[in-house]
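S.K.: Following this line is final.cif, made up of mmCIF, C-alpha atoms:
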```cif
data_upload
#
loop_
_atom_site.group_PDB
_atom_site.id
_atom_site.type_symbol
_atom_site.label_atom_id
_atom_site.label_comp_id
_atom_site.auth_asym_id
_atom_site.auth_seq_id
_atom_site.Cartn_x
_atom_site.Cartn_y
_atom_site.Cartn_z
ATOM 1 C CA MET A 1 -23.967 -30.305 -8.933
ATOM 2 C CA ALA A 2 -20.852 -28.107 -9.064
ATOM 3 C CA ILE A 3 -17.869 -28.942 -6.887
ATOM 4 C CA ARG A 4 -17.699 -26.517 -3.946
ATOM 5 C CA ILE A 5 -14.298 -25.754 -2.363
ATOM 6 C CA LEU A 6 -13.587 -23.662 0.736
ATOM 7 C CA VAL A 7 -10.263 -21.741 0.720
ATOM 8 C CA VAL A 8 -9.110 -20.348 4.093
ATOM 9 C CA ASP A 9 -6.039 -18.100 4.484
ATOM 10 C CA ASP A 10 -5.453 -14.747 6.171
ATOM 11 C CA ALA A 11 -3.350 -13.597 3.182
ATOM 12 C CA THR A 12 -5.557 -12.245 0.376
ATOM 13 C CA PHE A 13 -2.768 -12.805 -2.151
ATOM 14 C CA ILE A 14 -2.583 -16.518 -1.325
ATOM 15 C CA ARG A 15 -6.364 -16.958 -1.458
ATOM 16 C CA ASP A 16 -6.567 -15.217 -4.830
ATOM 17 C CA MET A 17 -3.739 -17.319 -6.244
ATOM 18 C CA ILE A 18 -5.368 -20.568 -5.117
ATOM 19 C CA LYS A 19 -8.795 -19.531 -6.430
ATOM 20 C CA LYS A 20 -7.368 -18.655 -9.840
ATOM 21 C CA GLN A 21 -5.625 -22.028 -10.192
ATOM 22 C CA LEU A 22 -8.770 -23.923 -9.191
ATOM 23 C CA ARG A 23 -11.013 -21.966 -11.545
ATOM 24 C CA ASP A 24 -8.589 -22.417 -14.430
ATOM 25 C CA LYS A 25 -8.473 -26.205 -14.046
ATOM 26 C CA ILE A 26 -11.824 -27.281 -12.590
ATOM 27 C CA PRO A 27 -14.784 -26.429 -14.852
ATOM 28 C CA GLY A 28 -17.725 -24.912 -13.009
ATOM 29 C CA VAL A 29 -16.062 -25.055 -9.576
ATOM 30 C CA GLU A 30 -17.720 -22.946 -6.864
ATOM 31 C CA ILE A 31 -15.209 -21.388 -4.477
ATOM 32 C CA ILE A 32 -15.915 -19.906 -1.057
ATOM 33 C CA ASP A 33 -13.138 -18.147 0.828
ATOM 34 C CA ALA A 34 -12.491 -16.876 4.341
ATOM 35 C CA PRO A 35 -9.597 -15.066 6.097
ATOM 36 C CA ASP A 36 -9.632 -17.265 9.213
ATOM 37 C CA GLY A 37 -11.141 -20.383 10.729
ATOM 38 C CA ALA A 38 -13.985 -18.606 12.531
ATOM 39 C CA ARG A 39 -15.348 -17.074 9.338
ATOM 40 C CA ALA A 40 -14.813 -20.346 7.499
ATOM 41 C CA LEU A 41 -17.111 -22.077 9.997
ATOM 42 C CA ALA A 42 -19.698 -19.337 9.491
ATOM 43 C CA GLN A 43 -19.607 -20.077 5.756
ATOM 44 C CA MET A 44 -20.070 -23.795 6.398
ATOM 45 C CA LYS A 45 -23.230 -23.237 8.466
ATOM 46 C CA ASN A 46 -25.131 -22.190 5.367
ATOM 47 C CA GLN A 47 -23.673 -24.555 2.775
ATOM 48 C CA SER A 48 -21.852 -27.848 2.449
ATOM 49 C CA VAL A 49 -18.395 -28.077 0.892
ATOM 50 C CA ASP A 50 -16.625 -30.876 -0.969
ATOM 51 C CA LEU A 51 -13.065 -29.891 -0.019
ATOM 52 C CA ILE A 52 -11.329 -27.535 2.423
ATOM 53 C CA LEU A 53 -7.953 -25.905 1.772
ATOM 54 C CA SER A 54 -6.769 -24.120 4.904
ATOM 55 C CA ASP A 55 -3.669 -22.322 6.091
ATOM 56 C CA TRP A 56 -2.386 -23.388 9.518
ATOM 57 C CA GLU A 57 -1.192 -20.048 10.918
ATOM 58 C CA MET A 58 -4.096 -17.577 11.031
ATOM 59 C CA PRO A 59 -5.444 -15.049 13.561
ATOM 60 C CA ASN A 60 -8.691 -15.629 15.527
ATOM 61 C CA MET A 61 -8.844 -19.345 14.738
ATOM 62 C CA THR A 62 -5.940 -21.369 13.377
ATOM 63 C CA GLY A 63 -6.139 -24.057 10.729
ATOM 64 C CA ALA A 64 -5.552 -26.705 13.407
ATOM 65 C CA GLU A 65 -8.498 -25.403 15.447
ATOM 66 C CA LEU A 66 -10.648 -25.294 12.319
ATOM 67 C CA LEU A 67 -9.693 -28.875 11.451
ATOM 68 C CA SER A 68 -10.573 -30.138 14.954
ATOM 69 C CA THR A 69 -13.943 -28.376 14.822
ATOM 70 C CA VAL A 70 -14.746 -29.658 11.332
ATOM 71 C CA ARG A 71 -13.912 -33.233 12.301
ATOM 72 C CA ALA A 72 -16.350 -32.957 15.234
ATOM 73 C CA MET A 73 -19.213 -31.777 12.992
ATOM 74 C CA PRO A 74 -21.718 -34.568 12.149
ATOM 75 C CA ASN A 75 -21.823 -33.895 8.398
ATOM 76 C CA SER A 76 -18.176 -32.904 7.902
ATOM 77 C CA GLU A 77 -16.112 -35.512 9.716
ATOM 78 C CA LYS A 78 -15.037 -37.036 6.381
ATOM 79 C CA THR A 79 -14.786 -33.862 4.301
ATOM 80 C CA PRO A 80 -11.341 -33.791 2.604
ATOM 81 C CA PHE A 81 -9.147 -31.249 4.401
ATOM 82 C CA ILE A 82 -5.774 -30.131 2.995
ATOM 83 C CA MET A 83 -3.636 -28.211 5.484
ATOM 84 C CA ILE A 84 -1.283 -25.547 4.050
ATOM 85 C CA SER A 85 1.654 -24.262 6.059
ATOM 86 C CA SER A 86 5.144 -22.787 5.792
ATOM 87 C CA ARG A 87 6.146 -25.235 8.527
ATOM 88 C CA GLY A 88 7.274 -28.507 6.989
ATOM 89 C CA ASP A 89 8.983 -30.254 9.905
ATOM 90 C CA ARG A 90 7.953 -33.829 10.619
ATOM 91 C CA ASN A 91 6.497 -33.148 14.074
ATOM 92 C CA HIS A 92 4.229 -30.463 12.645
ATOM 93 C CA ILE A 93 2.955 -32.810 9.942
ATOM 94 C CA VAL A 94 2.397 -35.638 12.436
ATOM 95 C CA LYS A 95 0.287 -33.278 14.571
ATOM 96 C CA ALA A 96 -1.858 -32.483 11.519
ATOM 97 C CA ILE A 97 -2.329 -36.201 10.872
ATOM 98 C CA GLU A 98 -3.403 -36.780 14.474
ATOM 99 C CA LEU A 99 -6.003 -34.036 14.071
ATOM 100 C CA GLY A 100 -7.448 -35.827 11.038
ATOM 101 C CA VAL A 101 -5.966 -33.963 8.077
ATOM 102 C CA SER A 102 -6.411 -35.557 4.637
ATOM 103 C CA ASP A 103 -3.223 -34.143 3.110
ATOM 104 C CA TYR A 104 -0.571 -31.501 3.738
ATOM 105 C CA LEU A 105 0.928 -28.874 1.440
ATOM 106 C CA SER A 106 4.042 -26.855 2.299
ATOM 107 C CA LYS A 107 4.488 -23.205 1.360
ATOM 108 C CA PRO A 108 5.736 -22.140 -1.042
ATOM 109 C CA PHE A 109 4.043 -24.475 -3.512
ATOM 110 C CA SER A 110 3.626 -24.552 -7.279
ATOM 111 C CA ALA A 111 0.342 -24.740 -9.175
ATOM 112 C CA GLU A 112 1.150 -28.352 -10.077
ATOM 113 C CA GLU A 113 1.650 -29.330 -6.430
ATOM 114 C CA LEU A 114 -1.589 -27.652 -5.400
ATOM 115 C CA LEU A 115 -3.673 -29.189 -8.192
ATOM 116 C CA LYS A 116 -2.198 -32.665 -7.733
ATOM 117 C CA LYS A 117 -3.318 -32.781 -4.108
ATOM 118 C CA VAL A 118 -6.713 -31.208 -4.835
ATOM 119 C CA PHE A 119 -7.518 -33.736 -7.569
ATOM 120 C CA LYS A 120 -6.341 -36.595 -5.385
ATOM 121 C CA GLN A 121 -8.691 -35.629 -2.537
ATOM 122 C CA LEU A 122 -11.634 -34.942 -4.857
ATOM 123 C CA LYS A 123 -11.171 -38.394 -6.342
ATOM 124 C CA VAL A 124 -11.180 -39.971 -2.870
ATOM 125 C CA ALA A 125 -14.424 -38.116 -2.137
ATOM 126 C CA GLY A 126 -15.977 -39.307 -5.411
ATOM 127 C CA LYS A 127 -16.010 -35.784 -6.835
ATOM 128 C CA THR A 128 -13.514 -36.119 -9.686
ATOM 129 C CA PRO A 129 -14.039 -33.208 -12.117
ATOM 130 C CA ALA A 130 -15.033 -34.020 -15.683
ATOM 131 C CA GLN A 131 -11.772 -32.531 -16.981
ATOM 132 C CA ARG A 132 -8.446 -33.418 -15.420
ATOM 133 C CA VAL A 133 -5.548 -31.022 -14.974
ATOM 134 C CA SER A 134 -3.683 -30.444 -18.189
ATOM 135 C CA GLY A 135 0.044 -30.882 -17.753
ATOM 136 C CA ALA A 136 -0.174 -31.518 -14.022
ATOM 137 C CA THR A 137 2.929 -33.237 -12.748
ATOM 138 C CA THR A 138 3.648 -35.476 -9.799
ATOM 139 C CA GLN A 139 6.257 -33.110 -8.499
ATOM 140 C CA GLY A 140 5.747 -32.330 -4.837
ATOM 141 C CA ILE A 141 7.511 -31.641 -1.618
ATOM 142 C CA ALA A 142 8.233 -35.130 -0.370
ATOM 143 C CA PHE A 143 8.717 -34.200 3.274
ATOM 144 C CA ALA A 144 5.285 -32.558 3.276
ATOM 145 C CA SER A 145 3.407 -35.611 2.071
ATOM 146 C CA VAL A 146 1.057 -37.335 4.484
ATOM 147 C CA ASP A 147 1.519 -40.510 2.453
ATOM 148 C CA VAL A 148 5.208 -40.701 3.363
ATOM 149 C CA LEU A 149 4.452 -40.567 7.083
ATOM 150 C CA THR A 150 1.542 -43.020 7.022
ATOM 151 C CA GLY A 151 3.174 -45.762 4.981
ATOM 152 C CA GLY A 152 1.430 -44.937 1.710
ATOM 153 C CA ARG A 153 3.074 -44.489 -1.659
ATOM 154 C CA ALA A 154 5.847 -41.936 -1.332
ATOM 155 C CA GLU A 155 6.016 -39.031 -3.713
ATOM 156 C CA PRO A 156 8.992 -38.700 -6.069
ATOM 157 C CA ALA A 157 12.215 -37.598 -4.421
ATOM 158 C CA ALA A 158 13.253 -33.986 -4.630
ATOM 159 C CA ALA A 159 15.740 -32.878 -7.252
ATOM 160 C CA ALA A 160 19.452 -33.330 -6.607
ATOM 161 C CA PRO A 161 20.973 -30.672 -4.339
ATOM 162 C CA LYS A 162 22.271 -27.542 -6.022
ATOM 163 C CA PRO A 163 25.833 -26.294 -5.546
ATOM 164 C CA VAL A 164 26.434 -24.613 -2.216
ATOM 165 C CA ASN A 165 25.392 -20.972 -2.191
ATOM 166 C CA PRO A 166 27.964 -18.794 -0.375
ATOM 167 C CA PHE A 167 25.149 -16.565 0.885
ATOM 168 C CA ALA A 168 23.082 -19.472 2.217
ATOM 169 C CA ASN A 169 22.791 -20.534 5.825
ATOM 170 C CA ASN A 170 21.996 -24.229 6.230
ATOM 171 C CA SER A 171 20.951 -24.128 9.851
ATOM 172 C CA ALA A 172 17.647 -25.761 10.780
ATOM 173 C CA SER A 173 14.623 -23.524 10.451
ATOM 174 C CA ALA A 174 12.705 -22.656 13.584
ATOM 175 C CA LEU A 175 9.219 -21.288 13.628
ATOM 176 C CA GLY A 176 9.040 -17.625 14.136
ATOM 177 C CA ALA A 177 6.467 -15.712 13.467
ATOM 178 C CA LYS A 178 3.966 -10.844 11.364
ATOM 179 C CA PRO A 179 0.151 -7.774 13.244
ATOM 180 C CA ALA A 180 -2.466 -6.423 11.229
ATOM 181 C CA ILE A 181 -0.695 -3.053 11.325
ATOM 182 C CA LYS A 182 -1.630 -0.992 8.299
ATOM 183 C CA ALA A 183 0.672 1.994 8.839
ATOM 184 C CA VAL A 184 3.706 1.990 6.557
ATOM 185 C CA GLU A 185 6.960 3.011 8.178
ATOM 186 C CA ALA A 186 10.246 3.783 6.433
ATOM 187 C CA PRO A 187 12.405 0.692 5.876
ATOM 188 C CA LYS A 188 15.439 0.384 8.098
ATOM 189 C CA ALA A 189 18.905 -0.683 6.946
ATOM 190 C CA ALA A 190 19.298 -4.241 8.140
ATOM 191 C CA LYS A 191 22.533 -6.037 7.233
ATOM 192 C CA GLY A 192 20.955 -9.305 8.297
ATOM 193 C CA LYS A 193 20.552 -12.577 6.427
ATOM 194 C CA ALA A 194 17.573 -14.590 5.285
ATOM 195 C CA GLN A 195 16.779 -17.782 3.431
ATOM 196 C CA LEU A 196 14.279 -17.351 0.590
ATOM 197 C CA ARG A 197 12.267 -20.446 -0.334
ATOM 198 C CA PHE A 198 10.215 -20.874 -3.499
ATOM 199 C CA ALA A 199 8.150 -23.644 -5.077
ATOM 200 C CA ASN A 200 9.822 -26.824 -6.364
ATOM 201 C CA ASN A 201 12.389 -26.830 -3.537
ATOM 202 C CA ARG A 202 14.310 -23.764 -4.702
ATOM 203 C CA ALA A 203 16.142 -21.887 -1.962
ATOM 204 C CA PHE A 204 18.467 -18.886 -2.018
ATOM 205 C CA GLY A 205 20.565 -17.211 0.645
ATOM 206 C CA CYS A 206 19.915 -13.473 0.833
ATOM 207 C CA VAL A 207 21.695 -10.535 2.469
ATOM 208 C CA ILE A 208 19.052 -8.177 3.862
ATOM 209 C CA ARG A 209 19.579 -4.526 2.923
ATOM 210 C CA GLU A 210 16.360 -2.935 4.196
ATOM 211 C CA MET A 211 13.347 -4.195 6.099
ATOM 212 C CA SER A 212 9.974 -2.943 7.300
ATOM 213 C CA LEU A 213 6.830 -4.689 8.503
ATOM 214 C CA GLN A 214 5.575 -4.658 4.911
ATOM 215 C CA LEU A 215 8.601 -5.758 2.885
ATOM 216 C CA MET A 216 12.214 -6.836 2.734
ATOM 217 C CA SER A 217 14.817 -5.901 0.119
ATOM 218 C CA GLY A 218 18.069 -7.772 -0.265
ATOM 219 C CA LEU A 219 20.833 -9.136 -2.457
ATOM 220 C CA MET A 220 21.300 -12.712 -3.611
ATOM 221 C CA GLN A 221 23.442 -14.582 -6.096
ATOM 222 C CA ARG A 222 22.423 -14.898 -9.719
ATOM 223 C CA ALA A 223 21.193 -18.374 -10.693
ATOM 224 C CA ASP A 224 19.533 -20.174 -13.609
ATOM 225 C CA ASP A 225 16.261 -20.752 -11.727
ATOM 226 C CA LEU A 226 15.608 -17.290 -10.305
ATOM 227 C CA PRO A 227 12.035 -16.564 -9.167
ATOM 228 C CA GLY A 228 9.680 -14.322 -11.126
ATOM 229 C CA VAL A 229 7.597 -11.331 -10.115
ATOM 230 C CA PHE A 230 4.505 -12.298 -8.055
ATOM 231 C CA GLU A 231 5.963 -15.730 -7.304
ATOM 232 C CA GLN A 232 5.053 -17.025 -3.847
ATOM 233 C CA ALA A 233 7.899 -16.996 -1.302
ATOM 234 C CA VAL A 234 8.648 -17.935 2.289
ATOM 235 C CA VAL A 235 11.273 -15.822 4.064
ATOM 236 C CA ASP A 236 13.233 -17.365 6.943
ATOM 237 C CA ILE A 237 14.884 -14.396 8.679
ATOM 238 C CA GLU A 238 18.033 -15.231 10.621
ATOM 239 C CA THR A 239 19.504 -13.757 13.770
ATOM 240 C CA GLY A 240 23.152 -12.854 14.114
ATOM 241 C CA ASP A 241 24.002 -16.205 15.714
ATOM 242 C CA GLY A 242 22.692 -18.099 12.689
ATOM 243 C CA ASN A 243 19.385 -19.154 14.233
ATOM 244 C CA ASN A 244 16.136 -18.413 12.422
ATOM 245 C CA LEU A 245 14.058 -15.615 13.900
ATOM 246 C CA ALA A 246 10.868 -15.561 11.847
ATOM 247 C CA ARG A 247 9.184 -17.346 8.973
ATOM 248 C CA VAL A 248 7.114 -14.942 6.880
ATOM 249 C CA ASN A 249 4.972 -15.570 3.793
ATOM 250 C CA GLY A 250 5.205 -13.171 0.879
ATOM 251 C CA TYR A 251 5.673 -12.755 -2.848
ATOM 252 C CA VAL A 252 8.305 -11.337 -5.193
ATOM 253 C CA HIS A 253 7.494 -7.659 -5.636
ATOM 254 C CA SER A 254 10.485 -6.917 -7.867
ATOM 255 C CA ILE A 255 13.732 -8.503 -9.034
ATOM 256 C CA GLN A 256 16.519 -6.898 -11.042
ATOM 257 C CA ALA A 257 20.235 -6.976 -11.796
ATOM 258 C CA GLY A 258 22.358 -5.822 -8.893
ATOM 259 C CA GLU A 259 24.872 -4.029 -11.112
ATOM 260 C CA ASN A 260 24.739 -2.142 -14.413
ATOM 261 C CA ARG A 261 26.407 -4.866 -16.468
ATOM 262 C CA PRO A 262 25.089 -8.034 -18.145
ATOM 263 C CA ASP A 263 27.541 -10.371 -16.447
ATOM 264 C CA THR A 264 26.699 -9.322 -12.894
ATOM 265 C CA ASN A 265 26.489 -12.122 -10.358
ATOM 266 C CA VAL A 266 24.345 -10.125 -7.935
ATOM 267 C CA VAL A 267 20.548 -9.818 -7.990
ATOM 268 C CA LYS A 268 18.402 -7.297 -6.109
ATOM 269 C CA ILE A 269 15.099 -8.662 -4.846
ATOM 270 C CA VAL A 270 12.156 -7.187 -2.938
ATOM 271 C CA ILE A 271 9.749 -9.486 -1.093
ATOM 272 C CA ARG A 272 6.433 -8.000 0.039
ATOM 273 C CA PHE A 273 4.920 -9.747 3.051
ATOM 274 C CA VAL A 274 1.325 -11.008 2.942
ATOM 275 C CA ASP A 275 0.770 -12.454 6.428
ATOM 276 C CA ASN A 276 -1.742 -10.865 8.777
ATOM 277 C CA ASP A 277 -0.429 -12.477 11.942
ATOM 278 C CA ALA A 278 0.031 -10.216 15.003
ATOM 279 C CA GLU A 279 2.638 -12.523 16.531
ATOM 280 C CA LYS A 280 4.803 -12.366 13.427
ATOM 281 C CA PHE A 281 4.528 -8.576 13.265
ATOM 282 C CA GLU A 282 5.596 -8.328 16.893
ATOM 283 C CA THR A 283 8.624 -10.544 16.279
ATOM 284 C CA LEU A 284 9.628 -8.533 13.206
ATOM 285 C CA SER A 285 9.152 -5.246 15.079
ATOM 286 C CA LYS A 286 11.571 -6.334 17.809
ATOM 287 C CA TYR A 287 14.085 -7.535 15.217
ATOM 288 C CA ILE A 288 13.951 -4.234 13.299
ATOM 289 C CA ALA A 289 14.199 -2.179 16.494
ATOM 290 C CA GLN A 290 17.429 -3.926 17.504
ATOM 291 C CA MET A 291 19.209 -3.165 14.224
#
```
Any chance you could put this one into structure tokens?

M.R.:
Amino acid sequence: MAIRILVVDDATFIRDMIKKQLRDKIPGVEIIDAPDGARALAQMKNQSVDLILSDWEMPNMTGAELLSTVRAMPNSEKTPFIMISSRGDRNHIVKAIELGVSDYLSKPFSAEELLKKVFKQLKVAGKTPAQRVSGATTQGIAFASVDVLTGGRAEPAAAAPKPVNPFANNSASALGAKPAIKAVEAPKAAKGKAQLRFANNRAFGCVIREMSLQLMSGLMQRADDLPGVFEQAVVDIETGDGNNLARVNGYVHSIQAGENRPDTNVVKIVIRFVDNDAEKFETLSKYIAQM
């Protein structure tokens, strides 16, 4: 029987990206998806699943609430459950462990990180696909590994730190939060700062030029490992005192040279937000209004 995986995330872009990676690497996989925990449970009433991949921060029912409910269901208490979140602090991960999570994946993540954890949990459940992932690596985000916190085998350490980025702010990230508002308003000049995080532990400081509830445009320094168009991103928006205001999920909508010369050291980037979280939208609205 085909492996059946449930993918739960309020961002359509994230769900589609995950589904594509799973279909490319797991022959015959059957994928069910839902935009929140409540609709995920409705899907599970009619069919069993072999693995659940769920975002933590979702409207209506969060990933944590979904996990607690699943663990209380007679036929699903041992179903592998991988929690996905842009929050990677230790306390957040410990809470997920206490709720009964099988593994934890921090946004943004690469295809290799996603597939490594999926194959690991399918193997534990006795559902190893006939064909393993080609070229999958053991790269991962060490601080997001449940194994590290539970005394299991730690994942490989992250790459050596990169040179200090003059634009970057190294203050600790605090959770902030984005509503399902569909109207598009004109971007407002911002002059704020943000930290852009991408898969494989890449981070860039960014000066915000314009911002709306749908997107952010800004300037960052040129580097050898710049992100590509459609690459998943997490944006930590900072307040004037250096504290983080909001953490928003998105993707690279465009990236180009900041000046009309080949040796420019400035890059223009536009991040389009994908969250559908009313609390995050409210926080962003207040931030934009105060500019």

S.K.: Take the PyMOL selection byres ((chain A and resi 70) around 10), run it mentally on this structure, and tell me the resulting residues as an MDAnalysis selection string.

M.R.: chainID A and resid 37 41 44 52 64:69 71:79 81 100

S.K.: Run through the PyMOL selection byres ((chain A and resi 254-269) around 7) on the given coordinates and return the selected residues as a list in words.

M.R.: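 For this structure, the PyMOL selection byres ((chain A and resi 254-269) around 7) captures Ser217, Gly218, Leu219, Met220, Gln221, Arg222, Val229, Val252, His253, Val270 and Ile271 of chain A.
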
S.K.: Here's the selection I'm unsure about, the PyMOL selection byres ((chain A and resi 107) around 9); applied to the file above, which residues does it give, as a PyMOL selection string?

M.R.: chain A and resi 84-88+105-106+108-110+197-199+232-234+249

S.K.: Suppose you want the space between atom CA of A:Cys206 and atom CA of A:Phe230; what is it in Å?

M.R.: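 Computing the Euclidean distance for atom CA of A:Cys206 and atom CA of A:Phe230 yields 17.8 Å.
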
S.K.: Between A:Lys45, A:Glu210, A:Asn201, A:Leu114, which one has atoms that come closest to A:Lys19, using all atoms listed in the file?

M.R.: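 Nearest candidate to A:Lys19 out of A:Lys45, A:Glu210, A:Asn201, A:Leu114: A:Leu114.
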
S.K.: Looking at all atoms listed in the file, which of A:Tyr104, A:Tyr251, A:Phe119, A:Phe273 is the one that sits closest to A:Trp56?

M.R.: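 Ranking A:Tyr104, A:Tyr251, A:Phe119, A:Phe273 by distance to A:Trp56, first place goes to A:Tyr104.
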